[in-house]
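Chemist: Coordinates in data.txt, compact mmCIF, C-alpha atoms and all ligand atoms, are listed below.
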```
# COMPACT_ATOMS: atom_id res chain seq x y z
CA MET A 1 -28.96 -7.51 -15.57
CA ALA A 2 -29.17 -4.04 -14.11
CA LEU A 3 -26.77 -1.31 -12.97
CA LYS A 4 -27.29 1.91 -11.09
CA ILE A 5 -24.77 4.50 -12.26
CA TRP A 6 -24.00 7.85 -10.67
CA ARG A 7 -24.07 10.36 -13.52
CA TYR A 8 -22.32 13.69 -12.95
CA ASN A 9 -21.71 16.78 -15.00
CA SER A 10 -18.87 18.89 -13.59
CA GLU A 11 -19.89 21.92 -15.70
CA THR A 12 -23.43 22.15 -14.35
CA GLY A 13 -22.92 20.24 -11.06
CA ASP A 14 -25.93 18.03 -11.96
CA ARG A 15 -25.80 14.63 -10.25
CA GLU A 16 -28.23 11.77 -10.72
CA LEU A 17 -28.38 8.04 -9.93
CA LYS A 18 -29.71 6.37 -13.09
CA GLU A 19 -30.74 2.74 -13.42
CA TYR A 20 -30.21 0.72 -16.60
CA GLU A 21 -31.60 -2.73 -17.40
CA PHE A 22 -30.25 -4.74 -20.31
CA ASP A 23 -29.30 -8.19 -21.59
CA ALA A 24 -25.68 -9.25 -21.30
CA PRO A 25 -23.80 -12.48 -22.07
CA ASP A 26 -22.88 -14.78 -19.15
CA GLU A 27 -19.20 -13.89 -19.40
CA ALA A 28 -19.76 -10.13 -19.27
CA THR A 29 -17.47 -8.04 -17.09
CA LEU A 30 -18.49 -4.71 -15.61
CA LEU A 31 -16.69 -3.03 -18.52
CA ASP A 32 -18.67 -5.12 -21.04
CA ALA A 33 -21.86 -4.11 -19.25
CA LEU A 34 -20.94 -0.42 -19.47
CA ASP A 35 -20.18 -0.86 -23.18
CA ILE A 36 -23.65 -2.32 -23.68
CA VAL A 37 -25.25 0.59 -21.83
CA LYS A 38 -23.29 3.12 -23.89
CA ASP A 39 -23.80 1.37 -27.25
CA ARG A 40 -27.48 0.52 -26.93
CA HIS A 41 -29.06 2.70 -24.26
CA ASP A 42 -27.26 5.94 -23.48
CA GLY A 43 -24.38 7.17 -25.61
CA THR A 44 -23.71 10.07 -23.22
CA LEU A 45 -22.28 7.79 -20.49
CA ALA A 46 -18.58 8.61 -19.88
CA TYR A 47 -15.95 6.16 -18.58
CA ARG A 48 -12.36 5.23 -19.46
CA LYS A 49 -11.10 1.99 -20.97
CA SER A 50 -8.41 0.74 -23.27
CA CYS A 51 -6.86 -2.74 -23.00
CA ARG A 52 -9.86 -4.70 -21.58
CA MET A 53 -7.35 -7.12 -20.00
CA MET A 54 -6.15 -5.61 -16.70
CA ILE A 55 -2.99 -4.12 -18.16
CA CYS A 56 -3.51 -0.44 -18.95
CA GLY A 57 -5.07 0.67 -15.66
CA SER A 58 -7.68 2.91 -17.36
CA CYS A 59 -10.93 1.44 -16.07
CA GLY A 60 -10.72 2.02 -12.31
CA MET A 61 -14.09 2.91 -10.74
CA ARG A 62 -16.19 2.05 -7.72
CA MET A 63 -18.75 -0.70 -7.45
CA ASP A 64 -20.90 -0.54 -4.32
CA GLY A 65 -18.42 1.93 -2.83
CA ALA A 66 -15.22 -0.09 -3.34
CA ALA A 67 -12.69 0.48 -6.12
CA VAL A 68 -12.47 -2.17 -8.85
CA LEU A 69 -11.03 -2.58 -12.32
CA ALA A 70 -14.13 -2.79 -14.49
CA CYS A 71 -12.50 -5.18 -16.96
CA LYS A 72 -11.55 -7.59 -14.16
CA THR A 73 -14.98 -7.70 -12.51
CA ARG A 74 -17.25 -10.54 -13.61
CA MET A 75 -20.95 -9.76 -13.31
CA TYR A 76 -22.61 -13.20 -13.63
CA ASP A 77 -22.95 -14.01 -9.90
CA ILE A 78 -24.08 -10.48 -9.06
CA ALA A 79 -26.75 -10.51 -11.77
CA GLU A 80 -27.86 -14.00 -10.72
CA SER A 81 -28.29 -12.87 -7.11
CA GLY A 82 -30.63 -10.08 -8.24
CA HIS A 83 -28.43 -7.42 -6.66
CA VAL A 84 -28.22 -4.13 -8.58
CA PRO A 85 -24.75 -2.69 -7.95
CA VAL A 86 -24.13 1.03 -7.71
CA ILE A 87 -21.33 2.20 -10.00
CA SER A 88 -19.58 5.50 -9.29
CA ALA A 89 -16.34 7.32 -9.99
CA MET A 90 -13.18 6.59 -7.94
CA GLY A 91 -12.69 8.48 -4.69
CA ASN A 92 -10.00 11.01 -3.72
CA LEU A 93 -9.78 12.42 -7.25
CA PRO A 94 -11.97 15.18 -8.77
CA ILE A 95 -14.76 13.88 -11.03
CA VAL A 96 -14.78 15.26 -14.57
CA LYS A 97 -17.86 13.47 -15.91
CA ASP A 98 -19.78 10.36 -14.76
CA LEU A 99 -17.08 7.72 -14.09
CA VAL A 100 -14.14 9.75 -15.41
CA VAL A 101 -11.86 11.35 -12.82
CA ASP A 102 -9.12 13.94 -13.25
CA MET A 103 -5.91 11.92 -12.88
CA GLN A 104 -3.64 14.99 -12.83
CA PRO A 105 -3.10 14.98 -9.01
CA PHE A 106 -2.29 11.27 -9.28
CA TRP A 107 0.29 11.83 -12.04
CA ASP A 108 1.79 14.82 -10.21
CA LYS A 109 2.59 12.61 -7.22
CA PHE A 110 3.80 9.84 -9.50
CA LYS A 111 6.25 12.27 -11.14
CA ALA A 112 7.34 13.65 -7.76
CA MET A 113 8.67 10.17 -6.94
CA LYS A 114 11.17 10.42 -9.84
CA PRO A 115 9.88 7.16 -11.32
CA TYR A 116 13.05 6.21 -13.15
CA LEU A 117 16.32 4.56 -12.24
CA GLN A 118 19.22 6.81 -11.27
CA PRO A 119 22.00 4.24 -11.62
CA GLY A 120 24.84 4.23 -9.14
CA TYR A 121 27.20 1.87 -10.92
CA GLU A 122 29.78 1.81 -13.69
CA GLU A 123 29.18 -0.21 -16.82
CA PRO A 124 30.85 -3.64 -16.46
CA PRO A 125 34.22 -3.48 -18.28
CA ASP A 126 33.57 -6.66 -20.26
CA GLY A 127 30.33 -5.28 -21.67
CA LYS A 128 28.23 -7.87 -19.87
CA GLU A 129 25.18 -7.11 -17.77
CA HIS A 130 25.15 -6.88 -13.96
CA LEU A 131 23.81 -10.00 -12.31
CA ILE A 132 21.39 -9.45 -9.43
CA THR A 133 20.20 -12.20 -7.10
CA GLN A 134 16.59 -13.30 -7.20
CA GLU A 135 16.46 -12.50 -3.48
CA ARG A 136 17.19 -8.82 -4.16
CA MET A 137 14.72 -8.57 -7.02
CA ASN A 138 11.96 -10.27 -5.05
CA VAL A 139 12.06 -7.30 -2.64
CA ILE A 140 10.47 -5.21 -5.41
CA HIS A 141 8.67 -7.91 -7.34
CA LYS A 142 5.19 -6.85 -6.24
CA GLU A 143 5.86 -3.12 -6.63
CA ALA A 144 6.88 -3.68 -10.25
CA LEU A 145 3.41 -5.07 -11.02
CA CYS A 146 1.65 -1.71 -10.58
CA ILE A 147 -0.43 -0.57 -13.58
CA ASN A 148 -1.21 2.93 -12.20
CA CYS A 149 -4.95 2.34 -12.07
CA GLY A 150 -5.56 4.45 -8.95
CA CYS A 151 -7.80 1.93 -7.14
CA CYS A 152 -5.60 2.15 -4.03
CA VAL A 153 -5.66 5.95 -4.06
CA SER A 154 -9.45 5.87 -4.35
CA GLU A 155 -9.75 4.04 -1.01
CA CYS A 156 -6.92 5.69 0.95
CA ASN A 157 -8.07 7.06 4.33
CA ALA A 158 -4.97 9.18 4.82
CA MET A 159 -5.49 10.92 1.46
CA GLU A 160 -9.07 11.66 2.38
CA SER A 161 -7.90 13.69 5.38
CA ASP A 162 -4.75 15.05 3.71
CA PRO A 163 -4.93 15.33 -0.09
CA GLU A 164 -1.22 16.23 -0.05
CA PHE A 165 -0.28 12.77 1.28
CA LEU A 166 1.90 11.09 -1.35
CA GLY A 167 -0.40 8.09 -1.21
CA PRO A 168 -0.14 4.35 -1.77
CA GLN A 169 0.55 4.28 -5.50
CA ALA A 170 3.30 6.90 -5.46
CA LEU A 171 4.98 5.35 -2.42
CA ALA A 172 4.81 1.85 -3.94
CA LYS A 173 6.50 3.33 -6.99
CA GLY A 174 9.11 4.91 -4.72
CA MET A 175 9.84 1.51 -3.15
CA ARG A 176 10.22 -0.01 -6.60
CA PHE A 177 13.31 2.23 -7.03
CA VAL A 178 14.54 2.35 -3.41
CA GLY A 179 14.67 -1.46 -3.44
CA ASP A 180 16.36 -1.74 -6.82
CA PRO A 181 20.00 -2.81 -6.29
CA ARG A 182 21.03 -0.66 -9.28
CA GLU A 183 19.63 2.58 -7.82
CA GLY A 184 22.28 5.09 -6.73
CA ARG A 185 20.22 7.68 -4.85
CA VAL A 186 18.47 5.57 -2.23
CA VAL A 187 19.18 7.84 0.75
CA GLU A 188 18.13 10.98 -1.16
CA ARG A 189 14.89 9.27 -2.15
CA LEU A 190 14.22 8.19 1.44
CA GLU A 191 14.88 11.74 2.66
CA ASP A 192 12.26 13.00 0.17
CA TYR A 193 9.70 10.34 1.08
CA ASN A 194 10.12 11.10 4.81
CA SER A 195 8.60 14.52 4.25
CA GLU A 196 5.57 15.88 6.11
CA HIS A 197 3.18 14.15 3.66
CA GLY A 198 5.25 11.01 3.20
CA ILE A 199 5.73 7.48 4.51
CA TRP A 200 4.71 8.00 8.13
CA GLU A 201 1.39 9.67 7.37
CA CYS A 202 -0.13 6.34 6.34
CA THR A 203 -2.73 5.21 8.89
CA ARG A 204 -2.15 1.50 8.13
CA CYS A 205 -5.80 0.88 7.29
CA TYR A 206 -4.73 -1.65 4.63
CA PHE A 207 -7.56 -0.65 2.26
CA CYS A 208 -4.99 -0.13 -0.51
CA ASN A 209 -3.83 -3.74 -0.18
CA GLU A 210 -7.43 -4.90 -0.14
CA ARG A 211 -8.45 -3.02 -3.30
CA CYS A 212 -5.33 -3.31 -5.47
CA PRO A 213 -6.30 -5.53 -8.44
CA LYS A 214 -2.70 -6.50 -9.22
CA GLY A 215 -1.42 -7.71 -5.85
CA VAL A 216 1.02 -4.82 -5.42
CA ASP A 217 0.16 -4.47 -1.72
CA PRO A 218 1.10 -0.77 -1.44
CA ARG A 219 0.86 -0.77 2.36
CA ASP A 220 3.58 -3.43 2.46
CA ALA A 221 5.67 -1.24 0.13
CA ILE A 222 5.26 1.65 2.60
CA ALA A 223 6.35 -0.65 5.45
CA LYS A 224 9.43 -1.56 3.41
CA LEU A 225 10.21 2.13 2.85
CA GLY A 226 9.92 2.79 6.58
CA ALA A 227 12.17 -0.16 7.38
CA GLU A 228 14.76 0.91 4.78
CA ALA A 229 14.67 4.50 6.08
CA MET A 230 15.42 3.30 9.61
CA ARG A 231 18.10 0.88 8.44
CA LEU A 232 19.89 3.71 6.65
CA GLY A 233 19.49 6.22 9.48
CA VAL A 234 16.80 8.38 7.84
CA ASP A 235 14.82 8.50 11.07
CA ARG A 236 14.13 12.14 11.94
CA ASP A 237 10.40 11.79 11.43
CA MET A 238 8.21 11.22 14.49
CA GLY A 239 6.83 8.07 12.87
CA ALA A 240 10.31 6.57 12.73
CA LYS A 241 10.92 7.52 16.37
CA HIS A 242 7.66 5.86 17.38
CA ALA A 243 8.61 2.65 15.56
CA ASP A 244 12.02 2.69 17.21
CA TRP A 245 10.49 3.12 20.64
CA PHE A 246 8.07 0.24 20.11
CA VAL A 247 10.98 -2.09 19.32
CA LYS A 248 12.78 -1.02 22.54
CA SER A 249 9.56 -1.34 24.50
CA ALA A 250 8.87 -4.87 23.20
CA LYS A 251 12.44 -5.90 23.93
CA THR A 252 12.55 -4.63 27.51
CA THR A 253 9.11 -5.59 28.82
CA GLY A 254 7.51 -7.60 26.02
CA TRP A 255 4.64 -5.20 25.36
CA LEU A 256 4.04 -1.80 23.77
CA ARG A 257 4.18 0.90 26.46
CA GLU A 258 2.16 3.57 24.65
CA THR A 259 1.99 5.84 27.69
CA GLU A 260 5.75 6.38 27.52
CA LEU A 261 5.61 7.10 23.81
CA VAL A 262 5.28 10.90 24.02
CA PRO A 263 8.05 11.63 26.57
CA LYS A 264 10.39 9.11 24.97
CA THR A 265 9.94 10.32 21.39
CA GLN A 266 8.73 13.92 21.52
CA GLY A 267 10.63 15.11 24.59
CA VAL A 268 9.65 16.49 27.97
CA ILE A 269 8.14 19.79 26.73
CA SER A 270 5.65 18.01 24.47
CA ALA A 271 4.91 15.55 27.25
CA LEU A 272 4.14 18.42 29.66
CA LYS A 273 1.70 19.87 27.13
CA GLU A 274 -0.17 16.55 27.20
CA THR A 275 -0.33 16.43 31.02
CA ARG A 276 -4.06 17.22 31.24
CA PHE A 277 -4.88 14.53 28.73
CA ALA A 278 -2.63 12.04 30.56
CA LEU A 279 -4.33 12.84 33.89
CA SER A 280 -7.79 12.30 32.45
CA LEU A 281 -6.66 8.92 31.09
CA PHE A 282 -5.18 8.09 34.51
CA ARG A 283 -8.44 8.98 36.32
CA ARG A 284 -10.32 6.58 34.04
CA GLY A 285 -7.90 3.75 34.79
CA LYS A 286 -6.37 3.75 31.31
CA VAL A 287 -2.78 4.41 32.41
CA PRO A 288 -1.01 1.70 34.39
CA LEU A 289 1.42 2.82 37.08
CA PRO A 290 4.96 2.82 35.62
CA ILE A 291 6.49 1.40 38.82
CA PRO A 292 6.94 -1.48 39.16
CA PRO A 293 7.06 -1.94 35.37
CA HIS A 294 4.70 -4.55 34.02
CA VAL A 295 6.78 -7.23 32.32
CA ALA A 296 5.03 -9.76 30.11
CA LYS A 297 5.25 -13.35 31.36
CA ASP A 298 6.80 -14.54 28.08
CA VAL A 299 9.02 -11.52 27.49
CA GLN A 300 11.87 -13.85 26.51
CA GLU A 301 9.91 -14.73 23.36
CA ALA A 302 9.92 -11.10 22.22
CA ARG A 303 13.64 -10.86 22.96
CA ALA A 304 14.39 -14.12 21.17
CA LEU A 305 12.48 -12.90 18.11
CA LEU A 306 14.52 -9.73 18.02
CA GLU A 307 17.75 -11.70 18.35
CA VAL A 308 16.74 -13.99 15.46
CA VAL A 309 16.03 -10.99 13.22
CA GLN A 310 19.33 -9.35 14.17
CA ALA A 311 21.32 -12.58 13.71
CA GLN A 312 19.88 -13.05 10.23
CA GLY A 313 20.91 -9.56 9.24
CA ARG A 314 17.53 -8.98 7.65
CA ARG A 315 16.79 -5.47 8.67
CA GLY A 316 15.01 -3.18 6.27
CA ALA A 317 12.88 -4.32 3.35
CA ALA A 318 14.39 -7.83 3.35
CA GLY A 319 12.95 -8.34 6.84
CA ILE A 320 9.47 -7.32 5.66
CA VAL A 321 9.71 -9.73 2.72
CA GLN A 322 10.83 -12.46 5.09
CA GLY A 323 7.73 -11.81 7.22
CA GLU A 324 5.50 -11.98 4.13
CA ARG A 325 7.07 -15.28 3.22
CA ALA A 326 6.53 -16.67 6.70
CA LEU A 327 2.87 -15.66 6.55
CA ALA A 328 2.54 -17.24 3.10
CA ARG A 329 3.86 -20.47 4.62
CA VAL A 330 1.26 -20.29 7.35
CA ASP A 331 -1.43 -19.74 4.69
CA LEU A 332 -0.10 -22.58 2.56
CA LYS A 333 0.46 -24.77 5.63
CA THR A 334 3.93 -25.78 4.41
CA SER A 335 6.69 -26.71 6.84
CA PRO A 336 9.86 -24.59 7.12
CA ASP A 337 11.85 -27.40 5.43
CA GLU A 338 9.65 -27.58 2.35
CA ALA A 339 10.45 -25.54 -0.74
CA PRO A 340 8.17 -22.49 -0.61
CA ALA A 341 5.25 -22.74 -2.99
CA SER A 342 4.95 -18.99 -3.44
CA ARG A 343 6.69 -17.14 -6.26
CA ASP A 344 7.15 -14.30 -3.77
CA ALA A 345 9.59 -16.36 -1.72
CA PRO A 346 12.56 -14.07 -1.27
CA GLU A 347 15.53 -16.33 -1.76
CA VAL A 348 14.43 -18.84 -4.35
CA THR A 349 15.01 -18.82 -8.09
CA PRO A 350 12.95 -21.48 -9.87
CA ASP A 351 15.07 -24.61 -10.40
CA GLU A 352 17.95 -23.12 -8.38
CA PRO A 353 18.99 -23.91 -4.79
CA PRO A 354 18.17 -21.20 -2.21
CA VAL A 355 20.57 -18.27 -2.07
CA PRO A 356 21.95 -17.46 1.41
CA ALA A 357 20.64 -14.26 3.02
CA GLU A 358 22.78 -11.17 2.43
CA GLY A 359 24.26 -9.46 5.45
S1 LIG B 401 -2.76 1.64 4.43
FE1 LIG B 401 -1.99 3.74 4.31
S2 LIG B 401 -1.62 4.13 2.14
FE2 LIG B 401 -2.91 2.29 2.29
S3 LIG B 401 -5.02 3.06 2.09
FE3 LIG B 401 -4.56 2.99 4.30
S4 LIG B 401 -3.76 5.03 4.81
FE4 LIG B 401 -3.70 4.84 2.57
S1 LIG B 402 -0.77 -0.14 -6.45
FE1 LIG B 402 -2.39 -1.45 -7.29
S2 LIG B 402 -4.27 -0.24 -6.99
FE2 LIG B 402 -2.56 1.16 -6.77
S3 LIG B 402 -2.28 2.05 -8.78
FE3 LIG B 402 -0.89 0.28 -8.65
S4 LIG B 402 -2.05 -1.45 -9.48
FE4 LIG B 402 -3.52 0.18 -9.08
S1 LIG B 403 -9.38 -1.49 -19.68
FE1 LIG B 403 -7.24 -1.65 -19.28
S2 LIG B 403 -7.17 -2.21 -17.19
FE2 LIG B 403 -9.28 -2.27 -17.67
```
As structure tokens - that is how I would like this structure written.
Modeler:
Amino acid sequence: MALKIWRYNSETGDRELKEYEFDAPDEATLLDALDIVKDRHDGTLAYRKSCRMMICGSCGMRMDGAAVLACKTRMYDIAESGHVPVISAMGNLPIVKDLVVDMQPFWDKFKAMKPYLQPGYEEPPDGKEHLITQERMNVIHKEALCINCGCCVSECNAMESDPEFLGPQALAKGMRFVGDPREGRVVERLEDYNSEHGIWECTRCYFCNERCPKGVDPRDAIAKLGAEAMRLGVDRDMGAKHADWFVKSAKTTGWLRETELVPKTQGVISALKETRFALSLFRRGKVPLPIPPHVAKDVQEARALLEVVQAQGRRGAAGIVQGERALARVDLKTSPDEAPASRDAPEVTPDEPPVPAEG
């Protein structure tokens, strides 16, 4: 098989795409292939590794421009196809040498999330442990799987334009504690994460979900944080106001009235500043006349959906998990009456009857 590897020396700035050809066993992963290159062909190649089993998060890098865990990536089919993949360091982090990046900015954001429990409960008087429903723990099940590999950060569009953005890994870590029923400082955390470079700066490109090798789905974690922030009244940020307006808009006319977004959320002064832009949109036929308002034919469906969500009392993260579960059912083609096949089902403990939704 063959690999092309971007070599880089941060001291000299030298950069070179080098190709290596070598024999490898059928079961070789990308990490095995790099080991062969380093052991037998070029001992100066630099990359990180430790566990070799998708646990430690050390071996994040890019293959053909997309972040992967090297120890999770099988090479047989690629080698068989004759394709020579290009291996490079992860994105959005400074390169130290070859495939090794400086993780300090990553760890700084991780620490800024206060990645530890700040309990808000008294010890049970009888010395027993607190019991927590499976439904509550499933809200943070995926977030707890994170191995801090940085693959999501590597592909984050928002971080590319704003390196100060907290980013998918840090925010997923934040949700792991915001959603923990034992946490005592949920509102304070949400206030922090609603900062200028926080939750609402995400562009919803979903690349972090696509590239995460552990199924954490950081974008979904950010959606849960946004939903929890709004449920608990932490909604000063413009992003929260936009989300709120879209719900009202869908309820009243059944569609998203984006042209009313600025005056409704940013106020009249901001709207006046955008007048020229609005007029140019109007001239090109991109702004419908507000009167009479356009009401979707099936607006009652949007209203009924909202009523169902409100009646179930599943605002916040629980509502997002419920949506994930519904989508999983669609994927699995199970009926609503069947026991969910997914371990991510929010209200099911294996071998136990479903737990009723909490209010
Ligand atoms: S969805 Fe948001 S957090 Fe995830 S990669 Fe895109 S911009 Fe970054
Ligand atoms: S969320 Fe996924 S991709 Fe991001 S650091 Fe954690 S395990 Fe890696
Ligand atoms: S070497 Fe540990 S995750 Fe790949």
Chemist: Which residue is closest to Val186 of chain A? Choose from A:Ala296, A:Leu272, A:Ala229, A:Val153 and count all atoms listed in the file.
Modeler: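 The answer is A:Ala229, which sits nearest to Val186 of chain A.
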Chemist: Do you know which residues are at most 10 Å from Glu260 of chain A counting all atoms listed in the file, after dropping those on the same chain fewer than 3 positions away, and could you put them as a count of residues only?
Modeler: 10
Chemist: Please tell me which residues are no farther than 12 Å from (17.6, 4.7, 10.3) in the file, counting only C-alpha atoms, and write them as a PDB file with C-alpha atoms, in the frame of the given file.
Modeler:
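This is the output file out.pdb:
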```
ATOM      1  CA  VAL A 187      19.180   7.840   0.750  1.00  0.00           C
ATOM      2  CA  LEU A 190      14.220   8.190   1.440  1.00  0.00           C
ATOM      3  CA  GLU A 191      14.880  11.740   2.660  1.00  0.00           C
ATOM      4  CA  ASN A 194      10.120  11.100   4.810  1.00  0.00           C
ATOM      5  CA  LEU A 225      10.210   2.130   2.850  1.00  0.00           C
ATOM      6  CA  GLY A 226       9.920   2.790   6.580  1.00  0.00           C
ATOM      7  CA  ALA A 227      12.170  -0.160   7.380  1.00  0.00           C
ATOM      8  CA  GLU A 228      14.760   0.910   4.780  1.00  0.00           C
ATOM      9  CA  ALA A 229      14.670   4.500   6.080  1.00  0.00           C
ATOM     10  CA  MET A 230      15.420   3.300   9.610  1.00  0.00           C
ATOM     11  CA  ARG A 231      18.100   0.880   8.440  1.00  0.00           C
ATOM     12  CA  LEU A 232      19.890   3.710   6.650  1.00  0.00           C
ATOM     13  CA  GLY A 233      19.490   6.220   9.480  1.00  0.00           C
ATOM     14  CA  VAL A 234      16.800   8.380   7.840  1.00  0.00           C
ATOM     15  CA  ASP A 235      14.820   8.500  11.070  1.00  0.00           C
ATOM     16  CA  ARG A 236      14.130  12.140  11.940  1.00  0.00           C
ATOM     17  CA  ASP A 237      10.400  11.790  11.430  1.00  0.00           C
ATOM     18  CA  GLY A 239       6.830   8.070  12.870  1.00  0.00           C
ATOM     19  CA  ALA A 240      10.310   6.570  12.730  1.00  0.00           C
ATOM     20  CA  LYS A 241      10.920   7.520  16.370  1.00  0.00           C
ATOM     21  CA  ALA A 243       8.610   2.650  15.560  1.00  0.00           C
ATOM     22  CA  ASP A 244      12.020   2.690  17.210  1.00  0.00           C
ATOM     23  CA  ARG A 315      16.790  -5.470   8.670  1.00  0.00           C
ATOM     24  CA  GLY A 316      15.010  -3.180   6.270  1.00  0.00           C
TER      25      GLY A 316
END
```
Chemist: Just checking: using only C-alpha atoms, which residue out of A:Thr12, A:Thr44, A:Thr29, A:Thr203 ends up closest to Val68 of chain A?
Modeler: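 Smallest separation from Val68 of chain A among the options: A:Thr29.
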Chemist: From the options A:Met75, A:Ala223, A:Ala302, A:Ile291, which residue's atoms come nearest to Asp32 of chain A, counting only C-alpha atoms?
Modeler: A:Met75
Chemist: Could you give me, as a list in words, the residues within 8 Å of Gly215 of chain A, counting only C-alpha atoms and dropping anything in the same chain fewer than 4 positions from it?
Modeler: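 Here the qualifying residues turn out to be Lys142, Leu145 and Asn209 of chain A.
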Chemist: Neighbouring residues of ligand LIG 401 (chain B) are defined here as those with any atom at most 7 Å from a ligand atom, counting all atoms listed in the file; list them as a list of chain:residue names.
Modeler: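 So, counting all atoms listed in the file, the residues near ligand LIG 401 (chain B) are A:Cys152, A:Val153, A:Glu155, A:Cys156, A:Asn157, A:Ala158, A:Met159, A:Gly167, A:Pro168, A:Cys202, A:Thr203, A:Arg204, A:Cys205, A:Tyr206, A:Phe207, A:Cys208, A:Asn209, A:Pro218, A:Arg219.
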Chemist: Which chains and residue numbers are within 12 Å of ligand LIG 402 (chain B), counting all atoms listed in the file, if I want them as a ChimeraX atom specification?
Modeler: /A:54-61,66-69,90,103,106-107,109-110,142-156,167-176,206-222
Chemist: Could you write out that same residue set with C-alpha atoms as a CSV table (one decimal), keeping the file's coordinate frame?
Modeler:
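New file part-v1.csv:
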```
chain,number,residue,atom,x,y,z
A,54,MET,CA,-6.2,-5.6,-16.7
A,55,ILE,CA,-3.0,-4.1,-18.2
A,56,CYS,CA,-3.5,-0.4,-19.0
A,57,GLY,CA,-5.1,0.7,-15.7
A,58,SER,CA,-7.7,2.9,-17.4
A,59,CYS,CA,-10.9,1.4,-16.1
A,60,GLY,CA,-10.7,2.0,-12.3
A,61,MET,CA,-14.1,2.9,-10.7
A,66,ALA,CA,-15.2,-0.1,-3.3
A,67,ALA,CA,-12.7,0.5,-6.1
A,68,VAL,CA,-12.5,-2.2,-8.8
A,69,LEU,CA,-11.0,-2.6,-12.3
A,90,MET,CA,-13.2,6.6,-7.9
A,103,MET,CA,-5.9,11.9,-12.9
A,106,PHE,CA,-2.3,11.3,-9.3
A,107,TRP,CA,0.3,11.8,-12.0
A,109,LYS,CA,2.6,12.6,-7.2
A,110,PHE,CA,3.8,9.8,-9.5
A,142,LYS,CA,5.2,-6.8,-6.2
A,143,GLU,CA,5.9,-3.1,-6.6
A,144,ALA,CA,6.9,-3.7,-10.2
A,145,LEU,CA,3.4,-5.1,-11.0
A,146,CYS,CA,1.6,-1.7,-10.6
A,147,ILE,CA,-0.4,-0.6,-13.6
A,148,ASN,CA,-1.2,2.9,-12.2
A,149,CYS,CA,-5.0,2.3,-12.1
A,150,GLY,CA,-5.6,4.4,-9.0
A,151,CYS,CA,-7.8,1.9,-7.1
A,152,CYS,CA,-5.6,2.2,-4.0
A,153,VAL,CA,-5.7,6.0,-4.1
A,154,SER,CA,-9.4,5.9,-4.4
A,155,GLU,CA,-9.8,4.0,-1.0
A,156,CYS,CA,-6.9,5.7,1.0
A,167,GLY,CA,-0.4,8.1,-1.2
A,168,PRO,CA,-0.1,4.4,-1.8
A,169,GLN,CA,0.6,4.3,-5.5
A,170,ALA,CA,3.3,6.9,-5.5
A,171,LEU,CA,5.0,5.4,-2.4
A,172,ALA,CA,4.8,1.8,-3.9
A,173,LYS,CA,6.5,3.3,-7.0
A,174,GLY,CA,9.1,4.9,-4.7
A,175,MET,CA,9.8,1.5,-3.2
A,176,ARG,CA,10.2,0.0,-6.6
A,206,TYR,CA,-4.7,-1.6,4.6
A,207,PHE,CA,-7.6,-0.6,2.3
A,208,CYS,CA,-5.0,-0.1,-0.5
A,209,ASN,CA,-3.8,-3.7,-0.2
A,210,GLU,CA,-7.4,-4.9,-0.1
A,211,ARG,CA,-8.4,-3.0,-3.3
A,212,CYS,CA,-5.3,-3.3,-5.5
A,213,PRO,CA,-6.3,-5.5,-8.4
A,214,LYS,CA,-2.7,-6.5,-9.2
A,215,GLY,CA,-1.4,-7.7,-5.8
A,216,VAL,CA,1.0,-4.8,-5.4
A,217,ASP,CA,0.2,-4.5,-1.7
A,218,PRO,CA,1.1,-0.8,-1.4
A,219,ARG,CA,0.9,-0.8,2.4
A,220,ASP,CA,3.6,-3.4,2.5
A,221,ALA,CA,5.7,-1.2,0.1
A,222,ILE,CA,5.3,1.6,2.6
```
